[in-house]
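J.: One structure is given below, represented as structure tokens, and several questions about it will come after.
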Amino acid sequence: MYHTKNTGDVTVAMLRAFVSLGRTLNLSQTCLELGATRQTVRRHIRDLEQIKGEALFDLVERQYRLTPFGRSSIVEAKFLLLKLETWAGLSNLKRDSSSGLEKLQYTDSIGRVYRSEQHSVSKIGMNGLPIIRKTFVAWGNAEAQFESDAMEKIWPYALLFRKGPSGWVFVRVGRESAYARWFGWEWSTSAIGKLISDDNIADEYNEFSLGAYARIYDEGGVRLDHVFAYLEKDGGDPKPVTFQRLLLGGVFPDGTSGLIVLSALTEQIDIQSLDAADRPKLDRDLIMDNPPGLSE
């Protein structure tokens, strides 16, 4: 029987223990990662369970397993831990929201810098890429209903996600989407039903993107970002790429929420912190500014 304590008692050490053990499901490995004793990790987990009022793990034949409540809690715990470590300067992710629009910069383990800048939604109407503008209009005409006829022309270029207990699950991948163009159609078809963290994008980039996905999903709103990243292509080393990303909250026919992600590979990028010399040149067949299938 767990008795809930004041939520102010939650510590970063508890979150780190939960996130690490939730990933490894191995107490010895978690102790090595955290530089902590088994007794300390167990205490952190036990204290967090008391605060939350439910068990986060089951121990079956000396093997740790996340409980359903643990699985539903770990995504939020990862996000909270990332925010706390970013705020404290302990993370390679930097966030600036002083202008009201979010700017993110992530430096990976070998020094590559990923950049993302949020732009006002009003720019879609003023000077947005045709594919972004037409997707936004279709979403409005569909009244955020995924199965509306108004969305039919958009689906070849978009991704659709449902949020499950363990993270974002691919529901739909458009054959002409940026995902399919970059990773290949055969790879893309195998993503259906998988978690986004299981795809061909590095875990670091999933963390880099997670906050924006979660907020738009929760709000059911719209967000426009310009992004510079490094993504693996054709099984080789990561290559630099730029794209505009439109996030749109919406509703499945059963009334549950989901998220449309329309990423448009483009050289039309406005990221103040990105030097002109670092902007990649994209192959013409990758660019999605105004694909023929969306012509008026």
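Residue numbers start at 1 in each chain; chains themselves are named A, B, ... in the order of the structure tokens; ligands are numbered from 1 in the order shown.
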Write down as an MDAnalysis selection string the residues belonging to range 160-253 of chain A that are assigned strand (DSSP E) by DSSP computed on the backbone.
T.: chainID A and resid 160:164 167:173 222:232 238:251
J.: When distances are computed from only C-alpha atoms, which of A:Phe57, A:Gly111, A:Met126, A:Leu159 shows the smallest separation from Ala191 in chain A?
T.: A:Leu159
J.: Need to verify the contact set: range 24-26 of chain A, 9 Å, only C-alpha atoms, exclusion of same-chain residues closer than 2 positions in sequence. Can you return it as a VMD selection string?
T.: chain A and resid 19 to 22 28 to 31 63 to 66
J.: Convert the current residue selection to file output with N, CA and C atoms, as an mmCIF file, in the first residue's frame.
T.:
data_model
loop_
_atom_site.group_PDB
_atom_site.id
_atom_site.type_symbol
_atom_site.label_atom_id
_atom_site.label_comp_id
_atom_site.auth_asym_id
_atom_site.auth_seq_id
_atom_site.Cartn_x
_atom_site.Cartn_y
_atom_site.Cartn_z
ATOM 1 N N VAL A 19 14.424 6.508 -14.726
ATOM 2 C CA VAL A 19 14.656 6.496 -16.173
ATOM 3 C C VAL A 19 15.714 5.460 -16.544
ATOM 4 N N SER A 20 16.780 5.397 -15.770
ATOM 5 C CA SER A 20 17.846 4.439 -16.075
ATOM 6 C C SER A 20 17.373 3.000 -15.907
ATOM 7 N N LEU A 21 16.736 2.700 -14.772
ATOM 8 C CA LEU A 21 16.262 1.334 -14.543
ATOM 9 C C LEU A 21 15.146 0.983 -15.522
ATOM 10 N N GLY A 22 14.329 1.962 -15.892
ATOM 11 C CA GLY A 22 13.278 1.707 -16.868
ATOM 12 C C GLY A 22 13.835 1.363 -18.233
ATOM 13 N N SER A 28 22.183 -3.821 -11.716
ATOM 14 C CA SER A 28 23.635 -3.665 -11.739
ATOM 15 C C SER A 28 24.069 -2.646 -12.795
ATOM 16 N N GLN A 29 23.446 -2.719 -13.981
ATOM 17 C CA GLN A 29 23.794 -1.784 -15.048
ATOM 18 C C GLN A 29 23.404 -0.360 -14.678
ATOM 19 N N THR A 30 22.242 -0.202 -14.044
ATOM 20 C CA THR A 30 21.806 1.118 -13.607
ATOM 21 C C THR A 30 22.773 1.685 -12.575
ATOM 22 N N CYS A 31 23.228 0.855 -11.655
ATOM 23 C CA CYS A 31 24.194 1.315 -10.649
ATOM 24 C C CYS A 31 25.478 1.801 -11.312
ATOM 25 N N GLN A 63 14.080 -10.256 -12.041
ATOM 26 C CA GLN A 63 14.134 -9.439 -13.254
ATOM 27 C C GLN A 63 13.140 -8.287 -13.121
ATOM 28 N N TYR A 64 13.631 -7.067 -13.310
ATOM 29 C CA TYR A 64 12.764 -5.902 -13.216
ATOM 30 C C TYR A 64 11.912 -5.758 -14.480
ATOM 31 N N ARG A 65 10.646 -5.408 -14.268
ATOM 32 C CA ARG A 65 9.725 -5.125 -15.372
ATOM 33 C C ARG A 65 8.906 -3.897 -15.000
ATOM 34 N N LEU A 66 8.711 -3.020 -15.963
ATOM 35 C CA LEU A 66 7.853 -1.866 -15.721
ATOM 36 C C LEU A 66 6.410 -2.315 -15.565
#
J.: Report as a tab-separated table: every residue of range 126-214 of chain A with an atom at most 9 Å from range 260-266 of chain A, its closest pair of atoms, and their distance in Å to one decimal, counting only C-alpha atoms, with rows sorted by chain and ascending residue number.
T.:
residue	atom	partner	partner_atom	distance
A:Leu129	CA	A:Ala264	CA	8.6
A:Ile131	CA	A:Ala264	CA	7.4
A:Ile132	CA	A:Ala264	CA	7.5
A:Thr135	CA	A:Leu262	CA	7.8
A:Phe146	CA	A:Ile260	CA	8.6
A:Ile154	CA	A:Leu262	CA	8.7
A:Tyr157	CA	A:Leu262	CA	6.7
A:Ala158	CA	A:Leu262	CA	4.7
A:Leu159	CA	A:Val261	CA	5.1
A:Leu160	CA	A:Ile260	CA	4.7
A:Phe161	CA	A:Ile260	CA	6.5
A:Ser177	CA	A:Ser263	CA	7.3
A:Ala178	CA	A:Ser263	CA	5.9
A:Tyr179	CA	A:Ser263	CA	8.0
A:Tyr213	CA	A:Val261	CA	8.8
J.: For those residues, write N, CA, C and O atoms to a file as a short mmCIF file (atom, residue, chain, number, x, y, z; two decimals), in the first residue's frame.
T.:
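So again-v3.cif came out as:
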data_model
loop_
_atom_site.label_atom_id
_atom_site.label_comp_id
_atom_site.auth_asym_id
_atom_site.auth_seq_id
_atom_site.Cartn_x
_atom_site.Cartn_y
_atom_site.Cartn_z
N LEU A 129 5.91 27.83 -47.38
CA LEU A 129 6.07 26.94 -48.52
C LEU A 129 4.68 26.47 -48.98
O LEU A 129 3.80 26.23 -48.14
N ILE A 131 3.61 23.58 -49.84
CA ILE A 131 3.19 22.32 -49.21
C ILE A 131 2.76 22.55 -47.76
O ILE A 131 1.80 21.93 -47.28
N ILE A 132 3.42 23.47 -47.07
CA ILE A 132 3.04 23.78 -45.69
C ILE A 132 1.69 24.50 -45.68
O ILE A 132 0.80 24.18 -44.88
N THR A 135 -1.20 22.13 -46.58
CA THR A 135 -1.47 21.19 -45.49
C THR A 135 -2.25 21.87 -44.38
O THR A 135 -3.22 21.31 -43.84
N PHE A 146 -8.93 13.34 -38.90
CA PHE A 146 -7.96 12.66 -39.76
C PHE A 146 -8.60 11.99 -40.97
O PHE A 146 -7.99 11.91 -42.03
N ILE A 154 -3.17 15.24 -48.70
CA ILE A 154 -2.05 15.51 -47.80
C ILE A 154 -1.35 14.24 -47.35
O ILE A 154 -0.13 14.22 -47.17
N TYR A 157 2.22 12.85 -48.10
CA TYR A 157 3.40 13.62 -47.71
C TYR A 157 3.60 13.69 -46.19
O TYR A 157 4.57 14.28 -45.72
N ALA A 158 2.70 13.08 -45.44
CA ALA A 158 2.69 13.29 -43.99
C ALA A 158 2.91 11.99 -43.22
O ALA A 158 2.80 10.89 -43.76
N LEU A 159 3.19 12.16 -41.93
CA LEU A 159 3.22 11.06 -40.97
C LEU A 159 2.09 11.27 -39.98
O LEU A 159 1.73 12.41 -39.67
N LEU A 160 1.56 10.18 -39.47
CA LEU A 160 0.51 10.25 -38.46
C LEU A 160 0.93 9.39 -37.27
O LEU A 160 1.35 8.24 -37.45
N PHE A 161 0.83 9.96 -36.07
CA PHE A 161 1.23 9.27 -34.85
C PHE A 161 0.07 9.20 -33.86
O PHE A 161 -0.77 10.10 -33.80
N SER A 177 6.48 11.21 -48.30
CA SER A 177 6.87 12.00 -47.13
C SER A 177 8.38 12.18 -47.09
O SER A 177 9.15 11.45 -47.74
N ALA A 178 8.82 13.17 -46.30
CA ALA A 178 10.26 13.37 -46.10
C ALA A 178 10.89 12.12 -45.50
O ALA A 178 12.02 11.75 -45.84
N TYR A 179 10.18 11.45 -44.62
CA TYR A 179 10.68 10.23 -43.99
C TYR A 179 10.98 9.17 -45.05
O TYR A 179 12.05 8.56 -45.06
N TYR A 213 6.48 17.81 -29.88
CA TYR A 213 5.43 16.84 -30.17
C TYR A 213 4.42 16.78 -29.03
O TYR A 213 3.21 16.82 -29.25
#
J.: If you run DSSP on the backbone here, which positions in range 15-256 of chain A get alpha helix (DSSP H)? Please write them as a PyMOL selection string.
T.: chain A and resi 15-24+27-34+38-52+68-87+122-127+130-141+178-183+185-189+203-219
J.: Any chance you could export the current selection's C-alpha atoms as a short mmCIF file (atom, residue, chain, number, x, y, z; two decimals), in the first residue's frame?
T.:
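To be explicit, this is the file written out as selection.cif:
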data_model
loop_
_atom_site.label_atom_id
_atom_site.label_comp_id
_atom_site.auth_asym_id
_atom_site.auth_seq_id
_atom_site.Cartn_x
_atom_site.Cartn_y
_atom_site.Cartn_z
CA LEU A 15 14.04 10.57 -11.78
CA ARG A 16 17.48 9.45 -12.94
CA ALA A 17 17.10 6.12 -11.13
CA PHE A 18 13.64 5.57 -12.62
CA VAL A 19 14.66 6.50 -16.17
CA SER A 20 17.85 4.44 -16.08
CA LEU A 21 16.26 1.33 -14.54
CA GLY A 22 13.28 1.71 -16.87
CA ARG A 23 15.65 1.58 -19.83
CA THR A 24 18.04 -1.16 -18.67
CA LEU A 27 19.89 -3.04 -11.38
CA SER A 28 23.64 -3.67 -11.74
CA GLN A 29 23.79 -1.78 -15.05
CA THR A 30 21.81 1.12 -13.61
CA CYS A 31 24.19 1.32 -10.65
CA LEU A 32 27.14 1.52 -13.06
CA GLU A 33 25.44 4.23 -15.13
CA LEU A 34 24.61 6.33 -12.09
CA ARG A 38 22.18 -0.95 -5.27
CA GLN A 39 20.75 0.19 -1.94
CA THR A 40 20.64 3.82 -3.11
CA VAL A 41 18.91 3.01 -6.43
CA ARG A 42 16.36 0.82 -4.68
CA ARG A 43 15.66 3.60 -2.17
CA HIS A 44 15.14 6.16 -4.94
CA ILE A 45 12.68 3.87 -6.71
CA ARG A 46 10.85 3.03 -3.48
CA ASP A 47 10.58 6.71 -2.50
CA LEU A 48 9.31 7.68 -5.95
CA GLU A 49 6.71 4.90 -5.84
CA GLN A 50 5.52 6.17 -2.47
CA ILE A 51 5.20 9.70 -3.83
CA LYS A 52 3.33 8.55 -6.96
CA PRO A 68 1.57 -0.53 -16.68
CA PHE A 69 1.76 2.59 -14.48
CA GLY A 70 5.55 2.65 -14.87
CA ARG A 71 5.28 2.45 -18.67
CA SER A 72 2.75 5.27 -18.72
CA SER A 73 4.96 7.42 -16.47
CA ILE A 74 8.41 6.99 -17.95
CA VAL A 75 7.98 9.23 -21.02
CA GLU A 76 6.99 12.15 -18.80
CA ALA A 77 9.84 11.35 -16.40
CA LYS A 78 12.34 11.49 -19.27
CA PHE A 79 10.94 14.83 -20.38
CA LEU A 80 11.04 16.26 -16.84
CA LEU A 81 14.60 15.05 -16.33
CA LEU A 82 15.70 16.57 -19.62
CA LYS A 83 14.10 19.91 -18.73
CA LEU A 84 15.71 19.95 -15.29
CA GLU A 85 19.16 19.06 -16.61
CA THR A 86 18.84 21.63 -19.41
CA TRP A 87 17.83 24.33 -16.96
CA SER A 122 1.15 33.54 -39.25
CA LYS A 123 4.16 33.00 -41.53
CA ILE A 124 2.36 30.07 -43.13
CA GLY A 125 -0.10 32.44 -44.74
CA MET A 126 2.37 35.24 -45.45
CA ASN A 127 5.28 33.39 -47.08
CA PRO A 130 3.17 25.84 -50.75
CA ILE A 131 3.19 22.32 -49.21
CA ILE A 132 3.04 23.78 -45.69
CA ARG A 133 0.30 26.26 -46.62
CA LYS A 134 -1.84 23.65 -48.38
CA THR A 135 -1.47 21.19 -45.49
CA PHE A 136 -2.55 23.85 -43.01
CA VAL A 137 -5.59 24.72 -45.14
CA ALA A 138 -6.55 21.05 -45.53
CA TRP A 139 -6.31 20.50 -41.78
CA GLY A 140 -8.56 23.51 -41.19
CA ASN A 141 -11.10 22.35 -43.76
CA ALA A 178 10.26 13.37 -46.10
CA TYR A 179 10.68 10.23 -43.99
CA ALA A 180 10.21 7.95 -47.01
CA ARG A 181 12.35 10.14 -49.29
CA TRP A 182 15.24 10.20 -46.83
CA PHE A 183 15.16 6.67 -45.40
CA TRP A 185 10.11 3.49 -48.83
CA GLU A 186 10.90 -0.11 -47.85
CA TRP A 187 12.36 1.01 -44.51
CA SER A 188 9.47 3.41 -43.98
CA THR A 189 6.78 0.76 -44.39
CA ASP A 203 17.81 8.62 -29.81
CA GLU A 204 19.35 12.08 -29.32
CA TYR A 205 17.22 13.54 -32.08
CA ASN A 206 14.07 11.96 -30.67
CA GLU A 207 14.77 13.77 -27.39
CA PHE A 208 15.48 16.96 -29.33
CA SER A 209 12.00 16.71 -30.89
CA LEU A 210 9.99 15.26 -28.01
CA GLY A 211 8.95 18.46 -26.28
CA ALA A 212 7.34 20.02 -29.35
CA TYR A 213 5.43 16.84 -30.17
CA ALA A 214 4.05 16.52 -26.66
CA ARG A 215 2.90 20.12 -26.34
CA ILE A 216 1.04 20.23 -29.64
CA TYR A 217 -0.54 16.84 -28.93
CA ASP A 218 -1.76 18.02 -25.54
CA GLU A 219 -3.03 21.34 -26.88
#
J.: Can you tell me how far CA of Gly128 in chain A sits from CA of Asp289 in chain A, in Å to one decimal?
T.: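 Calculated distance between CA of Gly128 in chain A and CA of Asp289 in chain A is 9.3 Å.
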J.: Give me, as a compact mmCIF listing (two decimals) with N, CA and C atoms, in the first residue's frame, all polymer residues having an atom no more than 12 Å from Ser97 in chain A, counting only C-alpha atoms and skipping those fewer than 4 positions away in the same chain.
T.:
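So the final result, stored in selection04.txt, reads:
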# COMPACT_ATOMS: atom_id res chain seq x y z
N TRP A 87 17.91 23.12 -17.76
CA TRP A 87 17.83 24.33 -16.96
C TRP A 87 19.07 24.50 -16.08
N LEU A 101 8.94 32.19 -28.77
CA LEU A 101 9.09 31.10 -29.73
C LEU A 101 10.35 30.33 -29.37
N GLU A 102 10.27 29.03 -29.40
CA GLU A 102 11.33 28.18 -28.87
C GLU A 102 12.48 28.00 -29.86
N LYS A 103 13.70 28.13 -29.34
CA LYS A 103 14.91 27.83 -30.10
C LYS A 103 15.66 26.73 -29.36
N LEU A 104 16.02 25.68 -30.09
CA LEU A 104 16.71 24.54 -29.49
C LEU A 104 18.04 24.31 -30.19
N GLN A 105 19.02 23.90 -29.41
CA GLN A 105 20.32 23.52 -29.97
C GLN A 105 20.83 22.31 -29.21
N SER A 116 16.98 23.95 -34.09
CA SER A 116 15.57 24.08 -34.42
C SER A 116 15.08 25.43 -33.94
N GLU A 117 14.33 26.13 -34.79
CA GLU A 117 13.73 27.41 -34.40
C GLU A 117 12.25 27.40 -34.75
N GLN A 118 11.43 27.67 -33.75
CA GLN A 118 9.99 27.77 -33.95
C GLN A 118 9.66 29.10 -34.62
N HIS A 119 8.69 29.07 -35.55
CA HIS A 119 8.25 30.27 -36.26
C HIS A 119 6.76 30.50 -36.01
J.: Counting only C-alpha atoms, which of A:Val251, A:Ala276, A:Val241, A:Leu246 gets nearest to Arg162 in chain A?
T.: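 With only C-alpha atoms as the atom set, the closest residue is A:Val251.
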J.: Separation of CA of Gly235 in chain A and CA of Gly184 in chain A, in Å?
T.: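 Computing the Euclidean distance for CA of Gly235 in chain A and CA of Gly184 in chain A yields 10.1 Å.
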